[in-house]
Structures are given as structure tokens and as C-alpha cells.
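K.L.:
Sending over upload_11.cif (mmCIF, N, CA and C atoms).
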data_coords
#
loop_
_atom_site.label_atom_id
_atom_site.label_comp_id
_atom_site.auth_asym_id
_atom_site.auth_seq_id
_atom_site.Cartn_x
_atom_site.Cartn_y
_atom_site.Cartn_z
N MET A 250 58.54 38.02 -18.89
CA MET A 250 59.07 36.81 -19.46
C MET A 250 60.19 36.29 -18.57
N ALA A 251 60.25 34.99 -18.42
CA ALA A 251 61.23 34.36 -17.54
C ALA A 251 62.63 34.43 -18.14
N ASN A 252 63.60 34.48 -17.27
CA ASN A 252 65.00 34.55 -17.68
C ASN A 252 65.57 33.13 -17.67
N TYR A 253 65.86 32.57 -18.86
CA TYR A 253 66.39 31.21 -18.98
C TYR A 253 67.86 31.23 -19.37
N PHE A 254 68.63 32.15 -18.85
CA PHE A 254 70.00 32.29 -19.30
C PHE A 254 71.03 31.83 -18.27
N ASP A 255 70.58 31.12 -17.22
CA ASP A 255 71.54 30.60 -16.23
C ASP A 255 72.17 29.35 -16.82
N THR A 256 73.44 29.45 -17.20
CA THR A 256 74.12 28.33 -17.88
C THR A 256 74.97 27.50 -16.92
N THR A 257 74.98 27.84 -15.61
CA THR A 257 75.76 27.04 -14.66
C THR A 257 75.07 25.70 -14.46
N HIS A 258 75.91 24.70 -14.17
CA HIS A 258 75.36 23.35 -13.98
C HIS A 258 75.24 23.04 -12.48
N ILE A 259 74.33 22.18 -12.15
CA ILE A 259 74.10 21.79 -10.76
C ILE A 259 75.22 20.84 -10.31
N ASP A 260 75.60 19.90 -11.15
CA ASP A 260 76.70 18.97 -10.90
C ASP A 260 76.63 18.27 -9.54
N GLY A 261 75.47 17.72 -9.20
CA GLY A 261 75.34 16.92 -7.98
C GLY A 261 75.20 17.72 -6.69
N LYS A 262 75.25 19.03 -6.78
CA LYS A 262 75.09 19.86 -5.58
C LYS A 262 73.66 19.73 -5.05
N LYS A 263 73.55 19.56 -3.72
CA LYS A 263 72.22 19.51 -3.11
C LYS A 263 71.68 20.92 -2.99
N LEU A 264 70.53 21.14 -3.55
CA LEU A 264 69.93 22.47 -3.55
C LEU A 264 68.94 22.64 -2.40
N THR A 265 68.81 23.85 -1.94
CA THR A 265 67.79 24.17 -0.94
C THR A 265 66.46 24.30 -1.68
N PRO A 266 65.33 24.27 -0.97
CA PRO A 266 64.04 24.43 -1.66
C PRO A 266 63.97 25.72 -2.49
N GLU A 267 64.53 26.80 -1.97
CA GLU A 267 64.52 28.06 -2.73
C GLU A 267 65.38 27.94 -3.99
N GLU A 268 66.54 27.30 -3.88
CA GLU A 268 67.42 27.11 -5.04
C GLU A 268 66.76 26.21 -6.08
N ILE A 269 66.00 25.24 -5.62
CA ILE A 269 65.30 24.34 -6.55
C ILE A 269 64.32 25.14 -7.39
N GLY A 270 63.53 26.00 -6.73
CA GLY A 270 62.56 26.82 -7.47
C GLY A 270 63.25 27.74 -8.47
N ASN A 271 64.34 28.36 -8.05
CA ASN A 271 65.08 29.25 -8.96
C ASN A 271 65.67 28.47 -10.13
N ALA A 272 66.19 27.28 -9.85
CA ALA A 272 66.79 26.48 -10.92
C ALA A 272 65.75 26.09 -11.95
N ILE A 273 64.59 25.68 -11.49
CA ILE A 273 63.52 25.28 -12.43
C ILE A 273 63.11 26.49 -13.28
N ARG A 274 63.06 27.64 -12.69
CA ARG A 274 62.63 28.84 -13.41
C ARG A 274 63.71 29.41 -14.36
N HIS A 275 65.01 29.24 -14.02
CA HIS A 275 66.02 30.02 -14.73
C HIS A 275 67.12 29.21 -15.43
N LYS A 276 67.24 27.92 -15.19
CA LYS A 276 68.32 27.15 -15.84
C LYS A 276 68.05 27.06 -17.35
N LYS A 277 69.10 27.15 -18.11
CA LYS A 277 68.99 27.13 -19.57
C LYS A 277 68.92 25.71 -20.11
N PHE A 278 69.66 24.78 -19.46
CA PHE A 278 69.77 23.44 -20.01
C PHE A 278 68.80 22.48 -19.32
N GLY A 279 68.18 21.66 -20.13
CA GLY A 279 67.18 20.72 -19.63
C GLY A 279 67.71 19.76 -18.56
N ILE A 280 68.97 19.36 -18.70
CA ILE A 280 69.54 18.44 -17.71
C ILE A 280 69.53 19.06 -16.31
N ASP A 281 69.81 20.36 -16.23
CA ASP A 281 69.82 21.04 -14.93
C ASP A 281 68.40 21.25 -14.40
N VAL A 282 67.47 21.51 -15.30
CA VAL A 282 66.07 21.67 -14.89
C VAL A 282 65.55 20.34 -14.37
N ARG A 283 65.85 19.24 -15.09
CA ARG A 283 65.41 17.92 -14.64
C ARG A 283 66.01 17.58 -13.29
N GLU A 284 67.29 17.88 -13.07
CA GLU A 284 67.95 17.62 -11.78
C GLU A 284 67.28 18.42 -10.67
N ALA A 285 66.97 19.67 -10.96
CA ALA A 285 66.29 20.50 -9.95
C ALA A 285 64.91 19.93 -9.63
N MET A 286 64.21 19.49 -10.66
CA MET A 286 62.88 18.91 -10.44
C MET A 286 62.99 17.62 -9.62
N ALA A 287 63.98 16.79 -9.94
CA ALA A 287 64.17 15.53 -9.20
C ALA A 287 64.49 15.83 -7.74
N GLN A 288 65.38 16.79 -7.49
CA GLN A 288 65.69 17.14 -6.11
C GLN A 288 64.47 17.71 -5.40
N GLY A 289 63.66 18.46 -6.14
CA GLY A 289 62.43 19.00 -5.55
C GLY A 289 61.48 17.90 -5.12
N LEU A 290 61.32 16.88 -5.97
CA LEU A 290 60.45 15.75 -5.64
C LEU A 290 61.03 14.94 -4.46
N GLU A 291 62.35 14.75 -4.47
CA GLU A 291 62.99 14.03 -3.35
C GLU A 291 62.78 14.79 -2.04
N TYR A 292 62.92 16.11 -2.12
CA TYR A 292 62.70 16.93 -0.92
C TYR A 292 61.26 16.77 -0.43
N CYS A 293 60.31 16.81 -1.35
CA CYS A 293 58.90 16.65 -0.96
C CYS A 293 58.66 15.28 -0.32
N MET A 294 59.26 14.23 -0.85
CA MET A 294 59.09 12.89 -0.28
C MET A 294 59.67 12.82 1.13
N ARG A 295 60.86 13.41 1.34
CA ARG A 295 61.45 13.42 2.69
C ARG A 295 60.53 14.13 3.67
N GLN A 296 59.97 15.25 3.24
CA GLN A 296 59.09 16.00 4.12
C GLN A 296 57.81 15.21 4.42
N ALA A 297 57.29 14.52 3.41
CA ALA A 297 56.08 13.71 3.60
C ALA A 297 56.35 12.57 4.58
N GLN A 298 57.53 11.96 4.48
CA GLN A 298 57.88 10.89 5.42
C GLN A 298 58.00 11.43 6.84
N LYS A 299 58.56 12.61 6.99
CA LYS A 299 58.64 13.23 8.31
C LYS A 299 57.25 13.48 8.88
N VAL A 300 56.35 13.93 8.02
CA VAL A 300 54.97 14.17 8.46
C VAL A 300 54.33 12.86 8.92
N ASP A 301 54.56 11.78 8.17
CA ASP A 301 54.01 10.47 8.56
C ASP A 301 54.53 10.05 9.94
N VAL A 302 55.83 10.24 10.17
CA VAL A 302 56.42 9.88 11.46
C VAL A 302 55.80 10.74 12.57
N LEU A 303 55.70 12.03 12.31
CA LEU A 303 55.11 12.93 13.31
C LEU A 303 53.65 12.58 13.59
N GLU A 304 52.92 12.22 12.56
CA GLU A 304 51.52 11.84 12.73
C GLU A 304 51.40 10.61 13.63
N THR A 305 52.27 9.63 13.42
CA THR A 305 52.28 8.43 14.26
C THR A 305 52.63 8.78 15.70
N GLU A 306 53.62 9.65 15.88
CA GLU A 306 54.02 10.05 17.23
C GLU A 306 52.89 10.80 17.93
N VAL A 307 52.20 11.66 17.21
CA VAL A 307 51.08 12.41 17.79
C VAL A 307 49.96 11.44 18.18
N LYS A 308 49.69 10.45 17.34
CA LYS A 308 48.66 9.47 17.65
C LYS A 308 49.02 8.71 18.93
N ASN A 309 50.30 8.30 19.04
CA ASN A 309 50.75 7.58 20.24
C ASN A 309 50.64 8.47 21.48
N LEU A 310 51.02 9.72 21.35
CA LEU A 310 50.91 10.65 22.49
C LEU A 310 49.45 10.86 22.88
N ASP A 311 48.58 10.95 21.88
CA ASP A 311 47.15 11.13 22.16
C ASP A 311 46.60 9.94 22.94
N GLU A 312 47.01 8.74 22.56
CA GLU A 312 46.58 7.54 23.29
C GLU A 312 47.09 7.56 24.72
N ARG A 313 48.34 7.99 24.91
CA ARG A 313 48.91 8.06 26.26
C ARG A 313 48.18 9.09 27.11
N VAL A 314 47.84 10.23 26.51
CA VAL A 314 47.12 11.28 27.25
C VAL A 314 45.74 10.77 27.65
N THR A 315 45.09 10.05 26.75
CA THR A 315 43.77 9.50 27.07
C THR A 315 43.86 8.55 28.27
N LYS A 316 44.90 7.73 28.30
CA LYS A 316 45.08 6.83 29.45
C LYS A 316 45.36 7.61 30.72
N LEU A 317 46.16 8.68 30.62
CA LEU A 317 46.48 9.48 31.80
C LEU A 317 45.28 10.25 32.31
N GLU A 318 44.36 10.62 31.42
CA GLU A 318 43.17 11.35 31.84
C GLU A 318 42.29 10.50 32.74
N ALA A 319 42.36 9.18 32.59
CA ALA A 319 41.55 8.28 33.41
C ALA A 319 42.13 8.11 34.81
N LEU A 320 43.40 8.46 35.00
CA LEU A 320 44.06 8.24 36.29
C LEU A 320 43.44 8.98 37.47
N PRO A 321 43.05 10.26 37.34
CA PRO A 321 42.52 10.95 38.52
C PRO A 321 41.34 10.24 39.17
N SER A 322 40.41 9.71 38.38
CA SER A 322 39.28 9.01 38.97
C SER A 322 39.73 7.70 39.62
N GLU A 323 40.71 7.03 39.00
CA GLU A 323 41.23 5.80 39.59
C GLU A 323 41.96 6.10 40.90
N VAL A 324 42.70 7.20 40.93
CA VAL A 324 43.41 7.59 42.15
C VAL A 324 42.40 7.91 43.24
N ALA A 325 41.33 8.60 42.90
CA ALA A 325 40.29 8.92 43.88
C ALA A 325 39.68 7.64 44.45
N ASP A 326 39.41 6.67 43.59
CA ASP A 326 38.87 5.39 44.05
C ASP A 326 39.84 4.69 44.99
N ILE A 327 41.11 4.71 44.64
CA ILE A 327 42.14 4.07 45.48
C ILE A 327 42.24 4.77 46.82
N LYS A 328 42.18 6.10 46.82
CA LYS A 328 42.24 6.85 48.08
C LYS A 328 41.05 6.49 48.96
N GLN A 329 39.87 6.36 48.37
CA GLN A 329 38.69 5.98 49.15
C GLN A 329 38.85 4.57 49.70
N ASP A 330 39.40 3.66 48.91
CA ASP A 330 39.66 2.31 49.39
C ASP A 330 40.61 2.33 50.58
N ILE A 331 41.63 3.18 50.52
CA ILE A 331 42.58 3.29 51.63
C ILE A 331 41.88 3.78 52.88
N VAL A 332 41.01 4.77 52.74
CA VAL A 332 40.25 5.28 53.89
C VAL A 332 39.40 4.16 54.47
N ASP A 333 38.70 3.43 53.61
CA ASP A 333 37.84 2.33 54.09
C ASP A 333 38.66 1.26 54.80
N ILE A 334 39.81 0.92 54.25
CA ILE A 334 40.68 -0.09 54.88
C ILE A 334 41.17 0.39 56.23
N ASN A 335 41.55 1.66 56.32
CA ASN A 335 42.01 2.21 57.60
C ASN A 335 40.91 2.19 58.65
N ILE A 336 39.68 2.43 58.24
CA ILE A 336 38.54 2.36 59.17
C ILE A 336 38.40 0.93 59.69
N GLU A 337 38.49 -0.03 58.80
CA GLU A 337 38.37 -1.43 59.20
C GLU A 337 39.53 -1.83 60.12
N ILE A 338 40.73 -1.34 59.83
CA ILE A 338 41.89 -1.64 60.69
C ILE A 338 41.66 -1.07 62.07
N THR A 339 41.15 0.14 62.16
CA THR A 339 40.87 0.76 63.46
C THR A 339 39.84 -0.06 64.23
N LYS A 340 38.81 -0.53 63.55
CA LYS A 340 37.80 -1.37 64.21
C LYS A 340 38.43 -2.66 64.72
N LEU A 341 39.29 -3.27 63.90
CA LEU A 341 39.93 -4.52 64.31
C LEU A 341 40.87 -4.29 65.50
N LYS A 342 41.62 -3.21 65.48
CA LYS A 342 42.51 -2.90 66.59
C LYS A 342 41.71 -2.70 67.88
N THR A 343 40.59 -2.00 67.77
CA THR A 343 39.75 -1.78 68.95
C THR A 343 39.20 -3.10 69.45
N ALA A 344 38.79 -3.95 68.52
CA ALA A 344 38.23 -5.24 68.91
C ALA A 344 39.28 -6.12 69.58
N VAL A 345 40.50 -6.09 69.11
CA VAL A 345 41.54 -6.97 69.63
C VAL A 345 42.23 -6.36 70.84
N PHE A 346 42.58 -5.11 70.77
CA PHE A 346 43.38 -4.50 71.83
C PHE A 346 42.63 -3.47 72.66
N GLY A 347 41.45 -3.10 72.23
CA GLY A 347 40.75 -1.99 72.85
C GLY A 347 39.94 -2.37 74.07
N ASP A 348 39.05 -1.53 74.41
CA ASP A 348 38.23 -1.64 75.60
C ASP A 348 36.98 -2.44 75.30
N GLY A 349 37.12 -3.75 75.20
CA GLY A 349 35.96 -4.60 74.95
C GLY A 349 35.81 -4.94 73.49
N ALA A 350 34.79 -5.73 73.20
CA ALA A 350 34.55 -6.20 71.84
C ALA A 350 33.77 -5.15 71.06
N THR A 351 34.13 -5.04 69.82
CA THR A 351 33.43 -4.13 68.91
C THR A 351 33.00 -4.95 67.71
N ALA A 352 31.80 -4.70 67.28
CA ALA A 352 31.29 -5.43 66.12
C ALA A 352 32.13 -5.08 64.90
N VAL A 353 32.50 -6.10 64.14
CA VAL A 353 33.25 -5.91 62.91
C VAL A 353 32.40 -6.47 61.78
N SER A 354 32.05 -5.63 60.84
CA SER A 354 31.19 -6.06 59.75
C SER A 354 31.97 -6.96 58.81
N LEU A 355 31.46 -8.15 58.60
CA LEU A 355 32.07 -9.07 57.65
C LEU A 355 31.38 -8.97 56.30
N ASP A 356 30.23 -8.33 56.32
CA ASP A 356 29.49 -8.06 55.10
C ASP A 356 29.30 -9.30 54.25
N ASP A 357 28.93 -10.41 54.90
CA ASP A 357 28.74 -11.64 54.15
C ASP A 357 27.27 -11.94 53.88
N GLY A 358 26.39 -11.03 54.28
CA GLY A 358 24.98 -11.19 53.99
C GLY A 358 24.24 -12.04 55.00
N LYS A 359 24.90 -12.56 56.03
CA LYS A 359 24.21 -13.36 57.04
C LYS A 359 23.50 -12.45 58.01
N SER A 360 22.41 -12.92 58.57
CA SER A 360 21.65 -12.09 59.50
C SER A 360 22.06 -12.33 60.95
N ASP A 361 22.83 -13.38 61.22
CA ASP A 361 23.25 -13.70 62.57
C ASP A 361 24.44 -12.85 62.96
N THR A 362 24.18 -11.63 63.47
CA THR A 362 25.26 -10.70 63.80
C THR A 362 25.97 -11.06 65.09
N GLU A 363 25.33 -11.78 65.98
CA GLU A 363 25.94 -12.12 67.27
C GLU A 363 27.17 -13.00 67.08
N ASN A 364 27.14 -13.88 66.09
CA ASN A 364 28.28 -14.76 65.84
C ASN A 364 29.41 -14.06 65.10
N ARG A 365 29.18 -12.85 64.66
CA ARG A 365 30.20 -12.12 63.92
C ARG A 365 30.89 -11.07 64.79
N LYS A 366 30.65 -11.04 66.07
CA LYS A 366 31.28 -10.07 66.95
C LYS A 366 32.46 -10.71 67.67
N ALA A 367 33.50 -9.91 67.86
CA ALA A 367 34.63 -10.40 68.65
C ALA A 367 34.18 -10.47 70.10
N LYS A 368 34.54 -11.53 70.78
CA LYS A 368 34.13 -11.72 72.17
C LYS A 368 35.21 -11.19 73.11
N GLU A 369 34.77 -10.59 74.21
CA GLU A 369 35.71 -10.11 75.22
C GLU A 369 36.23 -11.31 75.97
N ILE A 370 37.53 -11.31 76.19
CA ILE A 370 38.12 -12.40 76.97
C ILE A 370 38.90 -11.80 78.12
N SER A 371 39.07 -12.60 79.13
CA SER A 371 39.83 -12.15 80.29
C SER A 371 40.75 -13.28 80.70
N ILE A 372 42.02 -12.97 80.87
CA ILE A 372 42.98 -13.97 81.32
C ILE A 372 43.41 -13.56 82.72
N ASP A 373 43.11 -14.40 83.67
CA ASP A 373 43.42 -14.10 85.08
C ASP A 373 44.41 -15.15 85.55
N TYR A 374 45.69 -14.83 85.45
CA TYR A 374 46.74 -15.77 85.85
C TYR A 374 46.74 -15.94 87.36
N GLY A 375 46.86 -17.14 87.82
CA GLY A 375 46.97 -17.41 89.23
C GLY A 375 45.65 -17.53 89.95
N ASN A 376 44.60 -17.07 89.38
CA ASN A 376 43.29 -17.15 90.05
C ASN A 376 42.34 -18.03 89.30
N ASP A 377 42.89 -19.05 88.68
CA ASP A 377 42.02 -19.97 87.93
C ASP A 377 41.12 -20.70 88.89
N LYS A 378 39.88 -20.84 88.54
CA LYS A 378 38.90 -21.50 89.42
C LYS A 378 38.53 -22.83 88.83
N SER A 379 39.48 -23.61 88.46
CA SER A 379 39.14 -24.90 87.92
C SER A 379 39.26 -25.99 88.94
#
What is this file in C-alpha cells?

P.N.:
Amino acid sequence: MANYFDTTHIDGKKLTPEEIGNAIRHKKFGIDVREAMAQGLEYCMRQAQKVDVLETEVKNLDERVTKLEALPSEVADIKQDIVDINIEITKLKTAVFGDGATAVSLDDGKSDTENRKAKEISIDYGNDKS
């Protein structure tokens, strides 16, 4: 049988969850039992609100992780683009400064490749034959 002989009053004191359970089980006066029950419900509501906040934060983190998971493939694509650009730069440097003309692909779908090649030029100062 439960012991209902605790005659002390709560008097506005904030109870811990354990104290709330003991108060509900052992307080003699209804006013103290009701106060303990009210504090217990308030405690439950605060905890539920914390859970809601945490749930929202976890959802936001999950969305961020999903976005970050896509980055490695995007980085790989960007690295390949950099390699391709560097190859084209090397071709252009060879065509402009190198040993003769080198074909540079313009990839425009035209079949006339002769018009798409850099032409070799020679500048002979002082020996112009005009």
C-alpha cells in the first residue's frame, strides 16, 4: 500500500522528474499532488519541444549531408574539365609559339578542317621582297 503521509508542501519549488513521481505517489494533500502533476506535464511539454527542435536540426543536417555527398562526383567532373582545358591550352601554345602550326579542334561540326588550322607565319625583317 502506498504511503500518503508526506504533509510537506511544494510551495512553488521546481521539482526534478524523480521528485515529481515521488510527490504524486506520496503527498497527502491534493493541492500538492495537483502541483506535482502540473509540473510533470510542463516538464513533458518542454522535453517534447526540445525533441521537435532536434528533429528539425537533424532534418536540416540530413539535407546538408545529401548535398555534400554529391560533391565528389562534381569535383571529379571539374578536375576532368581542368585537364581538358590544360590540353587545349598546350595545343594553343604550340600552335602560337611552337614549332609550326598544330591543328586545334574547334569542334563546331564543320568538315573543312584545313580552314581550322593555325597557319605558320614567318616574319623576315629587312629581307622583304616587295

K.L.:
Running the PyMOL selection byres ((chain A and resi 277-289) around 6.5) on this model by hand, what would come out? Give it as an MDAnalysis selection string.

P.N.:
chainID A and resid 253:259 269 272:273 275:276 290:294

K.L.:
Restricting the output to N, CA and C atoms, write the selected residues as a compact mmCIF listing (two decimals), keeping the file's coordinate frame.

P.N.:
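The resulting file, result.txt, is shown below:
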# COMPACT_ATOMS: atom_id res chain seq x y z
N TYR A 253 65.86 32.57 -18.86
CA TYR A 253 66.39 31.21 -18.98
C TYR A 253 67.86 31.23 -19.37
N PHE A 254 68.63 32.15 -18.85
CA PHE A 254 70.00 32.29 -19.30
C PHE A 254 71.03 31.83 -18.27
N ASP A 255 70.58 31.12 -17.22
CA ASP A 255 71.54 30.60 -16.23
C ASP A 255 72.17 29.35 -16.82
N THR A 256 73.44 29.45 -17.20
CA THR A 256 74.12 28.33 -17.88
C THR A 256 74.97 27.50 -16.92
N THR A 257 74.98 27.84 -15.61
CA THR A 257 75.76 27.04 -14.66
C THR A 257 75.07 25.70 -14.46
N HIS A 258 75.91 24.70 -14.17
CA HIS A 258 75.36 23.35 -13.98
C HIS A 258 75.24 23.04 -12.48
N ILE A 259 74.33 22.18 -12.15
CA ILE A 259 74.10 21.79 -10.76
C ILE A 259 75.22 20.84 -10.31
N ILE A 269 66.00 25.24 -5.62
CA ILE A 269 65.30 24.34 -6.55
C ILE A 269 64.32 25.14 -7.39
N ALA A 272 66.19 27.28 -9.85
CA ALA A 272 66.79 26.48 -10.92
C ALA A 272 65.75 26.09 -11.95
N ILE A 273 64.59 25.68 -11.49
CA ILE A 273 63.52 25.28 -12.43
C ILE A 273 63.11 26.49 -13.28
N HIS A 275 65.01 29.24 -14.02
CA HIS A 275 66.02 30.02 -14.73
C HIS A 275 67.12 29.21 -15.43
N LYS A 276 67.24 27.92 -15.19
CA LYS A 276 68.32 27.15 -15.84
C LYS A 276 68.05 27.06 -17.35
N LEU A 290 61.32 16.88 -5.97
CA LEU A 290 60.45 15.75 -5.64
C LEU A 290 61.03 14.94 -4.46
N GLU A 291 62.35 14.75 -4.47
CA GLU A 291 62.99 14.03 -3.35
C GLU A 291 62.78 14.79 -2.04
N TYR A 292 62.92 16.11 -2.12
CA TYR A 292 62.70 16.93 -0.92
C TYR A 292 61.26 16.77 -0.43
N CYS A 293 60.31 16.81 -1.35
CA CYS A 293 58.90 16.65 -0.96
C CYS A 293 58.66 15.28 -0.32
N MET A 294 59.26 14.23 -0.85
CA MET A 294 59.09 12.89 -0.28
C MET A 294 59.67 12.82 1.13

K.L.:
Between atom C of A:Asp330 and atom CA of A:Thr315, what is the distance in Å, rounded to a tenth?

P.N.:
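Separation between atom C of A:Asp330 and atom CA of A:Thr315: 24.8 Å.
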
K.L.:
Would you mind reading off the distance between atom CA of A:Asn309 and atom C of A:Gln296, one decimal, in Å?

P.N.:
18.9 Å

K.L.:
One number please: atom C of A:Leu320 to atom N of A:Val332, in Å, one decimal.

P.N.:
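Interatomic distance here is 16.0 Å.
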
K.L.:
Taking the structure in the block just given, could you write stretch 264-280 of chain A with N, CA and C atoms, as a PDB file, in the first residue's frame?

P.N.:
ATOM      1  N   LEU A 264      10.372  20.962  -9.107  1.00  0.00           N
ATOM      2  CA  LEU A 264      10.749  19.593  -8.780  1.00  0.00           C
ATOM      3  C   LEU A 264      11.481  18.930  -9.949  1.00  0.00           C
ATOM      4  N   THR A 265      12.355  18.017  -9.614  1.00  0.00           N
ATOM      5  CA  THR A 265      13.009  17.207 -10.649  1.00  0.00           C
ATOM      6  C   THR A 265      12.027  16.121 -11.074  1.00  0.00           C
ATOM      7  N   PRO A 266      12.255  15.462 -12.206  1.00  0.00           N
ATOM      8  CA  PRO A 266      11.337  14.392 -12.616  1.00  0.00           C
ATOM      9  C   PRO A 266      11.166  13.312 -11.534  1.00  0.00           C
ATOM     10  N   GLU A 267      12.241  12.967 -10.854  1.00  0.00           N
ATOM     11  CA  GLU A 267      12.136  11.964  -9.791  1.00  0.00           C
ATOM     12  C   GLU A 267      11.287  12.486  -8.632  1.00  0.00           C
ATOM     13  N   GLU A 268      11.476  13.752  -8.257  1.00  0.00           N
ATOM     14  CA  GLU A 268      10.689  14.347  -7.179  1.00  0.00           C
ATOM     15  C   GLU A 268       9.216  14.440  -7.558  1.00  0.00           C
ATOM     16  N   ILE A 269       8.951  14.682  -8.823  1.00  0.00           N
ATOM     17  CA  ILE A 269       7.553  14.751  -9.288  1.00  0.00           C
ATOM     18  C   ILE A 269       6.872  13.404  -9.069  1.00  0.00           C
ATOM     19  N   GLY A 270       7.550  12.324  -9.480  1.00  0.00           N
ATOM     20  CA  GLY A 270       6.977  10.987  -9.290  1.00  0.00           C
ATOM     21  C   GLY A 270       6.732  10.675  -7.822  1.00  0.00           C
ATOM     22  N   ASN A 271       7.710  11.012  -6.980  1.00  0.00           N
ATOM     23  CA  ASN A 271       7.544  10.757  -5.538  1.00  0.00           C
ATOM     24  C   ASN A 271       6.410  11.593  -4.957  1.00  0.00           C
ATOM     25  N   ALA A 272       6.302  12.844  -5.400  1.00  0.00           N
ATOM     26  CA  ALA A 272       5.238  13.707  -4.873  1.00  0.00           C
ATOM     27  C   ALA A 272       3.868  13.167  -5.247  1.00  0.00           C
ATOM     28  N   ILE A 273       3.720  12.730  -6.478  1.00  0.00           N
ATOM     29  CA  ILE A 273       2.418  12.189  -6.905  1.00  0.00           C
ATOM     30  C   ILE A 273       2.085  10.936  -6.090  1.00  0.00           C
ATOM     31  N   ARG A 274       3.063  10.138  -5.811  1.00  0.00           N
ATOM     32  CA  ARG A 274       2.835   8.890  -5.071  1.00  0.00           C
ATOM     33  C   ARG A 274       2.611   9.101  -3.560  1.00  0.00           C
ATOM     34  N   HIS A 275       3.240  10.141  -2.964  1.00  0.00           N
ATOM     35  CA  HIS A 275       3.283  10.183  -1.501  1.00  0.00           C
ATOM     36  C   HIS A 275       2.691  11.431  -0.847  1.00  0.00           C
ATOM     37  N   LYS A 276       2.384  12.485  -1.585  1.00  0.00           N
ATOM     38  CA  LYS A 276       1.840  13.698  -0.944  1.00  0.00           C
ATOM     39  C   LYS A 276       0.443  13.406  -0.385  1.00  0.00           C
ATOM     40  N   LYS A 277       0.172  13.969   0.751  1.00  0.00           N
ATOM     41  CA  LYS A 277      -1.109  13.741   1.428  1.00  0.00           C
ATOM     42  C   LYS A 277      -2.199  14.659   0.892  1.00  0.00           C
ATOM     43  N   PHE A 278      -1.815  15.910   0.544  1.00  0.00           N
ATOM     44  CA  PHE A 278      -2.824  16.897   0.183  1.00  0.00           C
ATOM     45  C   PHE A 278      -2.952  17.012  -1.340  1.00  0.00           C
ATOM     46  N   GLY A 279      -4.188  17.095  -1.765  1.00  0.00           N
ATOM     47  CA  GLY A 279      -4.482  17.155  -3.198  1.00  0.00           C
ATOM     48  C   GLY A 279      -3.820  18.328  -3.913  1.00  0.00           C
ATOM     49  N   ILE A 280      -3.710  19.459  -3.227  1.00  0.00           N
ATOM     50  CA  ILE A 280      -3.091  20.630  -3.853  1.00  0.00           C
ATOM     51  C   ILE A 280      -1.644  20.337  -4.251  1.00  0.00           C
TER      52      ILE A 280
END
